[in-house]
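Colleague: Sending over start_8.cif (mmCIF, C-alpha atoms).
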data_start
loop_
_atom_site.group_PDB
_atom_site.id
_atom_site.type_symbol
_atom_site.label_atom_id
_atom_site.label_comp_id
_atom_site.auth_asym_id
_atom_site.auth_seq_id
_atom_site.Cartn_x
_atom_site.Cartn_y
_atom_site.Cartn_z
ATOM 1 C CA MET L 1 100.390 141.759 82.215
ATOM 2 C CA SER L 2 103.062 140.427 84.512
ATOM 3 C CA GLY L 3 105.345 137.594 83.537
ATOM 4 C CA THR L 4 103.263 135.253 85.670
ATOM 5 C CA ASP L 5 100.089 136.271 83.843
ATOM 6 C CA ASP L 6 101.811 135.470 80.568
ATOM 7 C CA LEU L 7 102.747 131.968 81.786
ATOM 8 C CA LEU L 8 100.030 130.756 84.167
ATOM 9 C CA VAL L 9 96.277 131.188 84.368
ATOM 10 C CA GLU L 10 94.055 130.488 87.368
ATOM 11 C CA PRO L 11 90.860 128.440 86.866
ATOM 12 C CA GLU L 12 88.429 131.270 87.533
ATOM 13 C CA ARG L 13 90.109 133.582 85.074
ATOM 14 C CA LEU L 14 90.191 130.887 82.396
ATOM 15 C CA ALA L 15 86.502 130.189 82.978
ATOM 16 C CA ALA L 16 85.741 133.845 82.290
ATOM 17 C CA GLU L 17 87.905 133.814 79.151
ATOM 18 C CA LEU L 18 86.070 130.743 77.855
ATOM 19 C CA GLU L 19 82.821 132.711 78.059
ATOM 20 C CA SER L 20 84.227 135.516 75.882
ATOM 21 C CA ALA L 21 83.551 136.042 72.200
ATOM 22 C CA ASP L 22 87.012 134.768 71.245
ATOM 23 C CA PRO L 23 88.108 132.186 73.836
ATOM 24 C CA PRO L 24 91.574 130.667 73.962
ATOM 25 C CA THR L 25 92.241 127.260 72.468
ATOM 26 C CA VAL L 26 92.411 124.708 75.298
ATOM 27 C CA LEU L 27 94.528 121.563 75.026
ATOM 28 C CA ASP L 28 94.204 118.610 77.403
ATOM 29 C CA ILE L 29 97.665 117.056 77.874
ATOM 30 C CA ARG L 30 96.902 114.546 80.622
ATOM 31 C CA TRP L 31 99.640 111.918 80.697
ATOM 32 C CA ARG L 32 101.270 109.354 82.961
ATOM 33 C CA LEU L 33 104.745 107.951 82.520
ATOM 34 C CA THR L 34 103.591 104.368 83.107
ATOM 35 C CA GLY L 35 99.935 104.659 81.990
ATOM 36 C CA PRO L 36 97.030 104.308 81.669
ATOM 37 C CA PRO L 37 96.687 106.685 78.708
ATOM 38 C CA GLY L 38 95.547 110.214 79.444
ATOM 39 C CA ARG L 39 92.993 109.942 76.670
ATOM 40 C CA ASP L 40 90.972 107.676 78.977
ATOM 41 C CA ASP L 41 90.708 110.499 81.529
ATOM 42 C CA TYR L 42 89.765 112.926 78.786
ATOM 43 C CA ALA L 43 86.916 110.659 77.666
ATOM 44 C CA VAL L 44 85.447 110.710 81.181
ATOM 45 C CA GLY L 45 85.496 114.478 81.493
ATOM 46 C CA HIS L 46 87.419 117.566 80.408
ATOM 47 C CA LEU L 47 87.241 121.342 80.256
ATOM 48 C CA PRO L 48 84.566 122.717 77.912
ATOM 49 C CA GLY L 49 85.887 122.743 74.356
ATOM 50 C CA ALA L 50 89.235 121.187 75.266
ATOM 51 C CA VAL L 51 90.960 119.049 72.629
ATOM 52 C CA PHE L 52 93.108 116.102 73.701
ATOM 53 C CA VAL L 53 96.714 116.095 72.472
ATOM 54 C CA ASP L 54 98.939 113.110 73.200
ATOM 55 C CA LEU L 55 102.299 114.000 74.702
ATOM 56 C CA ASP L 56 104.077 110.847 73.580
ATOM 57 C CA THR L 57 102.902 110.628 69.974
ATOM 58 C CA GLU L 58 102.022 114.212 68.975
ATOM 59 C CA LEU L 59 104.280 116.516 71.003
ATOM 60 C CA CYS L 60 107.431 114.358 71.004
ATOM 61 C CA GLY L 61 109.408 112.314 68.538
ATOM 62 C CA ALA L 62 109.770 108.546 68.651
ATOM 63 C CA PRO L 63 111.890 107.261 71.562
ATOM 64 C CA GLY L 64 115.392 106.095 70.780
ATOM 65 C CA ALA L 65 118.996 107.188 71.135
ATOM 66 C CA ALA L 66 117.863 110.838 71.255
ATOM 67 C CA GLY L 67 115.913 110.058 74.437
ATOM 68 C CA ARG L 68 112.523 108.831 75.544
ATOM 69 C CA HIS L 69 110.826 112.140 74.678
ATOM 70 C CA PRO L 70 112.935 113.764 71.959
ATOM 71 C CA LEU L 71 112.046 116.822 69.926
ATOM 72 C CA PRO L 72 109.148 116.272 67.523
ATOM 73 C CA ASP L 73 109.440 116.449 63.770
ATOM 74 C CA PRO L 74 108.368 120.045 63.002
ATOM 75 C CA ALA L 75 106.016 119.053 60.187
ATOM 76 C CA ALA L 76 104.336 116.378 62.316
ATOM 77 C CA LEU L 77 104.001 118.803 65.226
ATOM 78 C CA GLN L 78 102.485 121.456 62.971
ATOM 79 C CA ALA L 79 99.940 118.954 61.648
ATOM 80 C CA ALA L 80 98.981 117.866 65.175
ATOM 81 C CA LEU L 81 98.598 121.425 66.423
ATOM 82 C CA ARG L 82 96.559 122.473 63.425
ATOM 83 C CA ALA L 83 94.289 119.445 63.882
ATOM 84 C CA ALA L 84 93.756 120.589 67.483
ATOM 85 C CA GLY L 85 92.678 124.021 66.247
ATOM 86 C CA VAL L 86 95.777 126.016 67.179
ATOM 87 C CA ARG L 87 95.787 129.284 65.247
ATOM 88 C CA ALA L 88 98.704 131.575 64.535
ATOM 89 C CA GLY L 89 98.956 134.250 67.213
ATOM 90 C CA HIS L 90 95.870 132.999 69.067
ATOM 91 C CA PRO L 91 96.145 132.228 72.815
ATOM 92 C CA VAL L 92 96.477 128.611 73.931
ATOM 93 C CA VAL L 93 95.991 127.171 77.415
ATOM 94 C CA VAL L 94 97.346 123.720 78.275
ATOM 95 C CA TYR L 95 96.503 121.591 81.287
ATOM 96 C CA ASP L 96 97.208 118.138 82.655
ATOM 97 C CA GLY L 97 96.178 115.871 85.513
ATOM 98 C CA GLY L 98 97.576 118.102 88.221
ATOM 99 C CA ASP L 99 101.306 117.576 88.628
ATOM 100 C CA GLY L 100 102.016 120.142 85.917
ATOM 101 C CA MET L 101 104.728 118.164 84.137
ATOM 102 C CA ALA L 102 102.995 117.244 80.886
ATOM 103 C CA ALA L 103 101.408 120.688 80.633
ATOM 104 C CA ALA L 104 104.811 122.294 81.125
ATOM 105 C CA ARG L 105 106.329 120.147 78.372
ATOM 106 C CA ALA L 106 103.427 121.146 76.100
ATOM 107 C CA TRP L 107 103.972 124.805 77.040
ATOM 108 C CA TRP L 108 107.678 124.459 76.288
ATOM 109 C CA THR L 109 107.066 122.674 72.981
ATOM 110 C CA LEU L 110 104.686 125.329 71.713
ATOM 111 C CA ARG L 111 107.067 128.078 72.791
ATOM 112 C CA TRP L 112 110.022 126.267 71.181
ATOM 113 C CA ALA L 113 107.908 126.006 68.013
ATOM 114 C CA GLY L 114 107.475 129.774 67.959
ATOM 115 C CA HIS L 115 103.933 130.002 69.368
ATOM 116 C CA GLU L 116 104.296 132.453 72.238
ATOM 117 C CA PRO L 117 100.756 133.114 73.568
ATOM 118 C CA VAL L 118 100.521 129.903 75.614
ATOM 119 C CA ARG L 119 99.793 129.507 79.334
ATOM 120 C CA VAL L 120 99.526 126.618 81.764
ATOM 121 C CA LEU L 121 96.356 126.156 83.818
ATOM 122 C CA HIS L 122 97.756 126.539 87.329
ATOM 123 C CA GLY L 123 97.013 123.342 89.233
ATOM 124 C CA GLY L 124 95.628 121.562 86.185
ATOM 125 C CA TYR L 125 92.371 119.656 85.974
ATOM 126 C CA PRO L 126 92.090 119.107 89.774
ATOM 127 C CA ALA L 127 92.236 122.857 90.380
ATOM 128 C CA TRP L 128 89.494 123.383 87.805
ATOM 129 C CA THR L 129 87.167 120.826 89.378
ATOM 130 C CA ALA L 130 88.011 121.973 92.914
ATOM 131 C CA ALA L 131 86.772 125.422 91.909
ATOM 132 C CA GLY L 132 83.432 123.869 90.957
ATOM 133 C CA LEU L 133 83.794 124.795 87.306
ATOM 134 C CA PRO L 134 81.988 122.851 84.568
ATOM 135 C CA VAL L 135 83.335 119.788 82.792
ATOM 136 C CA GLY L 136 81.925 117.719 79.959
ATOM 137 C CA ALA L 137 82.532 114.600 77.928
ATOM 138 C CA ASP L 138 81.556 115.931 74.509
ATOM 139 C CA VAL L 139 84.449 115.748 72.048
ATOM 140 C CA PRO L 140 84.680 118.976 70.033
ATOM 141 C CA ALA L 141 85.433 119.123 66.329
ATOM 142 C CA PRO L 142 87.765 122.120 66.153
ATOM 143 C CA VAL L 143 88.132 124.196 63.042
ATOM 144 C CA PRO L 144 91.626 123.348 61.741
ATOM 145 C CA GLY L 145 94.191 125.920 62.765
ATOM 146 C CA ASP L 146 96.851 127.673 60.726
ATOM 147 C CA VAL L 147 99.746 127.774 63.200
ATOM 148 C CA ARG L 148 103.214 127.638 61.636
ATOM 149 C CA VAL L 149 105.896 125.740 63.516
ATOM 150 C CA ARG L 150 109.209 127.595 63.554
ATOM 151 C CA PRO L 151 111.615 125.528 65.678
ATOM 152 C CA GLY L 152 114.219 127.123 67.901
ATOM 153 C CA ALA L 153 112.366 129.903 69.704
ATOM 154 C CA LEU L 154 113.552 128.510 73.067
ATOM 155 C CA PRO L 155 117.125 127.354 73.731
ATOM 156 C CA VAL L 156 117.930 123.643 73.572
ATOM 157 C CA LEU L 157 120.966 121.707 74.784
ATOM 158 C CA ASP L 158 122.379 118.553 73.259
ATOM 159 C CA ALA L 159 124.615 116.205 75.259
ATOM 160 C CA GLY L 160 127.840 118.031 74.438
ATOM 161 C CA GLU L 161 126.373 121.419 75.304
ATOM 162 C CA ALA L 162 124.962 120.041 78.555
ATOM 163 C CA ALA L 163 128.383 118.671 79.496
ATOM 164 C CA ARG L 164 130.068 121.992 78.755
ATOM 165 C CA LEU L 165 127.450 123.917 80.736
ATOM 166 C CA ALA L 166 127.901 121.620 83.738
ATOM 167 C CA ALA L 167 131.666 122.066 83.653
ATOM 168 C CA ALA L 168 131.817 125.807 82.968
ATOM 169 C CA GLN L 169 132.539 128.511 85.498
ATOM 170 C CA GLY L 170 129.585 130.863 85.852
ATOM 171 C CA ALA L 171 127.111 128.285 84.544
ATOM 172 C CA VAL L 172 124.704 125.809 86.145
ATOM 173 C CA LEU L 173 123.165 122.598 84.835
ATOM 174 C CA ILE L 174 120.266 121.529 87.064
ATOM 175 C CA ASP L 175 119.219 117.894 87.464
ATOM 176 C CA VAL L 176 115.601 117.945 88.668
ATOM 177 C CA ARG L 177 115.194 114.229 89.367
ATOM 178 C CA ALA L 178 114.690 112.887 92.884
ATOM 179 C CA ALA L 179 117.874 112.938 94.944
ATOM 180 C CA PRO L 180 118.381 109.127 95.053
ATOM 181 C CA ARG L 181 118.337 109.010 91.243
ATOM 182 C CA TYR L 182 120.755 111.930 91.032
ATOM 183 C CA ARG L 183 123.119 110.234 93.487
ATOM 184 C CA GLY L 184 122.946 106.979 91.536
ATOM 185 C CA GLU L 185 121.420 104.994 94.376
ATOM 186 C CA THR L 186 118.493 103.873 92.241
ATOM 187 C CA GLU L 187 117.359 104.139 88.628
ATOM 188 C CA PRO L 188 113.864 102.791 87.955
ATOM 189 C CA ILE L 189 113.710 103.633 84.247
ATOM 190 C CA ASP L 190 117.036 104.112 82.493
ATOM 191 C CA PRO L 191 119.799 101.473 82.262
ATOM 192 C CA VAL L 192 122.482 103.461 84.132
ATOM 193 C CA ALA L 193 122.206 105.346 87.429
ATOM 194 C CA GLY L 194 123.904 108.631 88.263
ATOM 195 C CA HIS L 195 124.102 112.143 86.857
ATOM 196 C CA VAL L 196 125.931 114.353 84.386
ATOM 197 C CA PRO L 197 129.269 115.275 85.992
ATOM 198 C CA GLY L 198 129.091 118.783 87.410
ATOM 199 C CA ALA L 199 125.291 118.995 87.453
ATOM 200 C CA VAL L 200 123.572 120.171 90.635
ATOM 201 C CA ASN L 201 120.428 118.619 92.061
ATOM 202 C CA VAL L 202 117.212 120.582 92.646
ATOM 203 C CA PRO L 203 114.389 118.007 92.809
ATOM 204 C CA ALA L 204 111.150 119.214 91.269
ATOM 205 C CA SER L 205 109.352 118.751 94.577
ATOM 206 C CA GLU L 206 111.368 121.682 95.945
ATOM 207 C CA TYR L 207 109.877 124.274 93.585
ATOM 208 C CA VAL L 208 106.413 122.974 92.633
ATOM 209 C CA THR L 209 103.630 121.322 94.637
ATOM 210 C CA ASN L 210 100.632 119.684 92.971
ATOM 211 C CA GLY L 211 101.372 121.603 89.808
ATOM 212 C CA ARG L 212 101.411 124.954 91.581
ATOM 213 C CA PHE L 213 104.409 127.254 91.815
ATOM 214 C CA PRO L 214 105.353 129.578 94.663
ATOM 215 C CA ALA L 215 105.932 133.277 94.134
ATOM 216 C CA ALA L 216 108.696 134.383 91.792
ATOM 217 C CA GLU L 217 110.860 135.586 94.686
ATOM 218 C CA ALA L 218 110.738 132.165 96.346
ATOM 219 C CA LEU L 219 111.707 130.505 93.076
ATOM 220 C CA ARG L 220 114.613 132.898 92.598
ATOM 221 C CA ASP L 221 115.794 132.265 96.153
ATOM 222 C CA ARG L 222 115.773 128.486 95.638
ATOM 223 C CA PHE L 223 117.690 128.628 92.388
ATOM 224 C CA VAL L 224 120.206 131.104 93.836
ATOM 225 C CA THR L 225 121.230 128.444 96.365
ATOM 226 C CA VAL L 226 122.689 126.336 93.533
ATOM 227 C CA GLY L 227 124.397 129.253 91.845
ATOM 228 C CA VAL L 228 121.759 130.603 89.462
ATOM 229 C CA ALA L 229 122.415 134.325 89.628
ATOM 230 C CA GLU L 230 122.014 137.186 87.193
ATOM 231 C CA GLY L 231 124.231 136.490 84.218
ATOM 232 C CA THR L 232 124.645 132.801 85.049
ATOM 233 C CA ALA L 233 124.001 130.512 82.104
ATOM 234 C CA VAL L 234 121.494 127.869 83.199
ATOM 235 C CA GLY L 235 119.989 124.695 81.801
ATOM 236 C CA ALA L 236 117.925 121.807 83.144
ATOM 237 C CA TYR L 237 117.488 118.100 82.554
ATOM 238 C CA CYS L 238 115.600 115.164 84.056
ATOM 239 C CA GLY L 239 114.988 111.620 82.871
ATOM 240 C CA SER L 240 113.513 112.409 79.465
ATOM 241 C CA GLY L 241 112.888 116.150 79.240
ATOM 242 C CA VAL L 242 109.373 116.347 80.700
ATOM 243 C CA THR L 243 109.975 117.298 84.346
ATOM 244 C CA ALA L 244 112.877 119.487 83.215
ATOM 245 C CA ALA L 245 110.490 121.461 81.001
ATOM 246 C CA GLN L 246 108.627 122.267 84.204
ATOM 247 C CA ALA L 247 111.926 123.498 85.656
ATOM 248 C CA VAL L 248 112.379 125.757 82.637
ATOM 249 C CA LEU L 249 108.879 127.119 83.263
ATOM 250 C CA ALA L 250 109.832 127.735 86.908
ATOM 251 C CA LEU L 251 112.972 129.544 85.761
ATOM 252 C CA HIS L 252 110.864 131.695 83.416
ATOM 253 C CA LEU L 253 108.670 132.553 86.390
ATOM 254 C CA ALA L 254 111.818 133.428 88.330
ATOM 255 C CA GLY L 255 112.874 135.830 85.595
ATOM 256 C CA ARG L 256 115.155 133.571 83.551
ATOM 257 C CA PRO L 257 113.534 133.184 80.110
ATOM 258 C CA ASP L 258 116.961 132.232 78.726
ATOM 259 C CA ALA L 259 116.992 128.887 80.580
ATOM 260 C CA ALA L 260 117.816 126.003 78.237
ATOM 261 C CA LEU L 261 116.313 122.515 78.167
ATOM 262 C CA TYR L 262 118.411 119.395 77.626
ATOM 263 C CA VAL L 263 115.566 117.662 75.847
ATOM 264 C CA GLY L 264 117.159 114.221 75.622
ATOM 265 C CA SER L 265 118.096 114.403 79.297
ATOM 266 C CA TRP L 266 119.410 111.340 81.138
ATOM 267 C CA SER L 267 117.797 108.882 78.710
ATOM 268 C CA ASN L 268 119.898 110.419 75.927
ATOM 269 C CA TRP L 269 123.039 110.841 78.038
ATOM 270 C CA VAL L 270 123.293 107.131 78.921
ATOM 271 C CA ALA L 271 122.538 106.012 75.362
ATOM 272 C CA ASP L 272 126.239 106.560 74.679
ATOM 273 C CA PRO L 273 128.370 104.347 76.979
ATOM 274 C CA GLU L 274 131.358 106.635 76.381
ATOM 275 C CA ARG L 275 129.747 109.511 78.250
ATOM 276 C CA PRO L 276 130.944 109.857 81.858
ATOM 277 C CA VAL L 277 128.596 109.214 84.752
ATOM 278 C CA ALA L 278 128.916 110.736 88.231
ATOM 279 C CA THR L 279 127.422 109.350 91.422
ATOM 280 C CA GLY L 280 127.055 110.585 94.980
ATOM 281 C CA ALA L 281 126.160 114.040 96.219
#
Give the structure from this file in structure tokens form.
Modeller:
Amino acid sequence: MSGTDDLLVEPERLAAELESADPPTVLDIRWRLTGPPGRDDYAVGHLPGAVFVDLDTELCGAPGAAGRHPLPDPAALQAALRAAGVRAGHPVVVYDGGDGMAAARAWWTLRWAGHEPVRVLHGGYPAWTAAGLPVGADVPAPVPGDVRVRPGALPVLDAGEAARLAAAQGAVLIDVRAAPRYRGETEPIDPVAGHVPGAVNVPASEYVTNGRFPAAEALRDRFVTVGVAEGTAVGAYCGSGVTAAQAVLALHLAGRPDAALYVGSWSNWVADPERPVATGA
């Protein structure tokens, strides 16, 4: 399979896989930053056999100085994934409400935890329903899985490493927030506006639309414009490490599986008033 096939799955193909003798495990990761809870959407309707997993409480740690969506405790993550039926070495498909952010963070978290066979439903739940594929409201009772969480399978940046990456020659730290937030003109969530000094801005809207990615060549071309070339060290951050996980997925699609995620992102950066803040373009 191509790299894209290993990372994304189209609705029709997933529907066929769900009819097979050994279908993938499907996780519903619908989530909104300001609510209402995604579990409410799941209760109304979801993909056949899908299990709801909460991004905030099961895939991330408790918010605090480490950020609003820090890394989860490995033991707690393993328990949550096993309860959802995730099995060692068995394929997983994750989906969300359509923007692709929560699904990408779930994809990243499973990959970081050492579970490699995981794909994102391209376009999420809206793409599934637009294709006329079946949904249901029955809540499955999955057989507990046996997945083992082994943290560190994908690269992670802390604040110091993010600062060094942003300042280094031959390296790029990408801020994927909207341009006004990057420039420090507005900050609707965190207490300080601006960006990590030296970071470059590539808003998520420039490389993903309604949870769907362009071709790998188009992604490579966009990232090249900010200096991401072969051999260039690259990392990404956002407000709290959710949208930036989608950027890491985009970089994987563009052929950069070494892209690092600053998980704490801006919410962690500004937790320390001693860290410098840049504004403007």
Colleague: Quick one: pull the distance between atom CA of Phe213 of chain L and atom CA of Leu8 of chain L, Å, one decimal.
Modeller: 9.5 Å
Colleague: Run the PyMOL selection byres ((chain L and resi 275) around 10) mentally over the shown coordinates, then write out the matched residues as number ranges by chain, using the chain letters and numbers from the document.
Modeller: L: 159-160, 163, 196-197, 269-274, 276-277
Colleague: Any chance you could work out the residue set of the PyMOL selection byres ((chain L and resi 91) around 12) here, as a compact mmCIF listing (two decimals) with C-alpha atoms, keeping the file's coordinate frame?
Modeller:
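So result.txt came out as:
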# COMPACT_ATOMS: atom_id res chain seq x y z
CA ASP L 6 101.81 135.47 80.57
CA LEU L 7 102.75 131.97 81.79
CA VAL L 9 96.28 131.19 84.37
CA LEU L 14 90.19 130.89 82.40
CA GLU L 17 87.90 133.81 79.15
CA LEU L 18 86.07 130.74 77.86
CA ASP L 22 87.01 134.77 71.24
CA PRO L 23 88.11 132.19 73.84
CA PRO L 24 91.57 130.67 73.96
CA THR L 25 92.24 127.26 72.47
CA VAL L 26 92.41 124.71 75.30
CA LEU L 27 94.53 121.56 75.03
CA GLY L 85 92.68 124.02 66.25
CA VAL L 86 95.78 126.02 67.18
CA ARG L 87 95.79 129.28 65.25
CA ALA L 88 98.70 131.57 64.54
CA GLY L 89 98.96 134.25 67.21
CA HIS L 90 95.87 133.00 69.07
CA VAL L 92 96.48 128.61 73.93
CA VAL L 93 95.99 127.17 77.42
CA VAL L 94 97.35 123.72 78.28
CA TRP L 107 103.97 124.80 77.04
CA LEU L 110 104.69 125.33 71.71
CA ARG L 111 107.07 128.08 72.79
CA HIS L 115 103.93 130.00 69.37
CA GLU L 116 104.30 132.45 72.24
CA PRO L 117 100.76 133.11 73.57
CA VAL L 118 100.52 129.90 75.61
CA ARG L 119 99.79 129.51 79.33
CA VAL L 120 99.53 126.62 81.76
CA VAL L 147 99.75 127.77 63.20
Colleague: Can you pull out every residue within 7 Å of Gly241 of chain L, counting only C-alpha atoms, but drop anything in the same chain fewer than 3 positions away, and send it as a compact mmCIF listing (two decimals) with C-alpha atoms, in the coordinates of the input?
Modeller:
# COMPACT_ATOMS: atom_id res chain seq x y z
CA HIS L 69 110.83 112.14 74.68
CA TYR L 237 117.49 118.10 82.55
CA CYS L 238 115.60 115.16 84.06
CA ALA L 244 112.88 119.49 83.22
CA ALA L 245 110.49 121.46 81.00
CA TYR L 262 118.41 119.40 77.63
CA VAL L 263 115.57 117.66 75.85
CA GLY L 264 117.16 114.22 75.62
CA SER L 265 118.10 114.40 79.30
Colleague: Would you compute, for all listed atoms of segment 177-191 of chain L, the axis-aligned bounding box grown by 6 Å on each side, and then report its centre and edge lengths in Å rounded to one decimal, as lines of an AutoDock Vina configuration file?
Modeller:
center_x = 118.4
center_y = 107.9
center_z = 88.7
size_x = 21.4
size_y = 24.8
size_z = 24.8
Colleague: For this file, the PyMOL selection byres ((chain L and resi 260) around 8) selects which residues, as a list of chain:residue names?
Modeller: L:Leu154, L:Pro155, L:Val156, L:Leu157, L:Val234, L:Gly235, L:Ala236, L:Val248, L:Asp258, L:Ala259, L:Leu261, L:Tyr262
Colleague: Please measure the separation of atom CA of Val228 of chain L and atom CA of Val200 of chain L, giving the value in Å to one decimal.
Modeller: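 It comes out at 10.7 Å.
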Colleague: Could you name the residues that touch segment 35-51 of chain L at 7 Å or less, counting only C-alpha atoms, but leaving out those on the same chain fewer than 2 positions away, as a list in words?
Modeller: Val26, Leu27, Asp28, Arg30, Trp31, Arg32, Leu33, Val53, Ala84, Pro134, Val135, Gly136, Ala137 and Pro140 of chain L
Colleague: May I have the selected residues written with C-alpha atoms, as an mmCIF file, in the coordinates of the input?
Modeller:
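Below you can see out.cif, which holds the result:
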data_model
loop_
_atom_site.group_PDB
_atom_site.id
_atom_site.type_symbol
_atom_site.label_atom_id
_atom_site.label_comp_id
_atom_site.auth_asym_id
_atom_site.auth_seq_id
_atom_site.Cartn_x
_atom_site.Cartn_y
_atom_site.Cartn_z
ATOM 1 C CA VAL L 26 92.411 124.708 75.298
ATOM 2 C CA LEU L 27 94.528 121.563 75.026
ATOM 3 C CA ASP L 28 94.204 118.610 77.403
ATOM 4 C CA ARG L 30 96.902 114.546 80.622
ATOM 5 C CA TRP L 31 99.640 111.918 80.697
ATOM 6 C CA ARG L 32 101.270 109.354 82.961
ATOM 7 C CA LEU L 33 104.745 107.951 82.520
ATOM 8 C CA VAL L 53 96.714 116.095 72.472
ATOM 9 C CA ALA L 84 93.756 120.589 67.483
ATOM 10 C CA PRO L 134 81.988 122.851 84.568
ATOM 11 C CA VAL L 135 83.335 119.788 82.792
ATOM 12 C CA GLY L 136 81.925 117.719 79.959
ATOM 13 C CA ALA L 137 82.532 114.600 77.928
ATOM 14 C CA PRO L 140 84.680 118.976 70.033
#
Colleague: Nearest residue to Gly231 of chain L out of L:Gly124, L:Glu161, L:Ala166, L:Ala171, using only C-alpha atoms?
Modeller: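 Under the stated criterion, the closest residue is L:Ala171.
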Colleague: Neighbours of Ala229 of chain L within 10 Å (only C-alpha atoms; same-chain residues fewer than 2 positions away dropped), as a list in words?
Modeller: Gly170, Ala171, Val172, Arg220, Asp221, Phe223, Val224, Thr225, Val226, Gly227, Gly231, Thr232, Ala233, Val234 and Arg256 of chain L
Colleague: What's the separation between atom CA of Ser20 of chain L and atom CA of Pro142 of chain L, in Å to one decimal place?
Modeller: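 Computing the Euclidean distance for atom CA of Ser20 of chain L and atom CA of Pro142 of chain L yields 16.9 Å.
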Colleague: Which of these, L:Ala62, L:Leu81, L:Ala254, L:Val208, has the shortest distance to Glu230 of chain L once you count all atoms listed in the file?
Modeller: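 Of L:Ala62, L:Leu81, L:Ala254, L:Val208, the one nearest Glu230 of chain L is L:Ala254, counting all atoms listed in the file.
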Colleague: With only C-alpha atoms as the atoms that count, which of L:Glu58, L:Tyr125, L:Ala102, L:Leu133 lies nearest to Ala15 of chain L?
Modeller: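 Selected residue with least distance to Ala15 of chain L: L:Leu133.
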Colleague: When distances are computed from all atoms listed in the file, which of L:Pro151, L:Ala199, L:Trp108, L:Leu77 shows the smallest separation from His252 of chain L?
Modeller: L:Trp108
Colleague: Between L:Gly280, L:Gly152, L:Asp146, L:Asp5, which is the closest to Gly198 of chain L once you count only C-alpha atoms?
Modeller: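 Between L:Gly280, L:Gly152, L:Asp146, L:Asp5, the residue approaching Gly198 of chain L most closely is L:Gly280.
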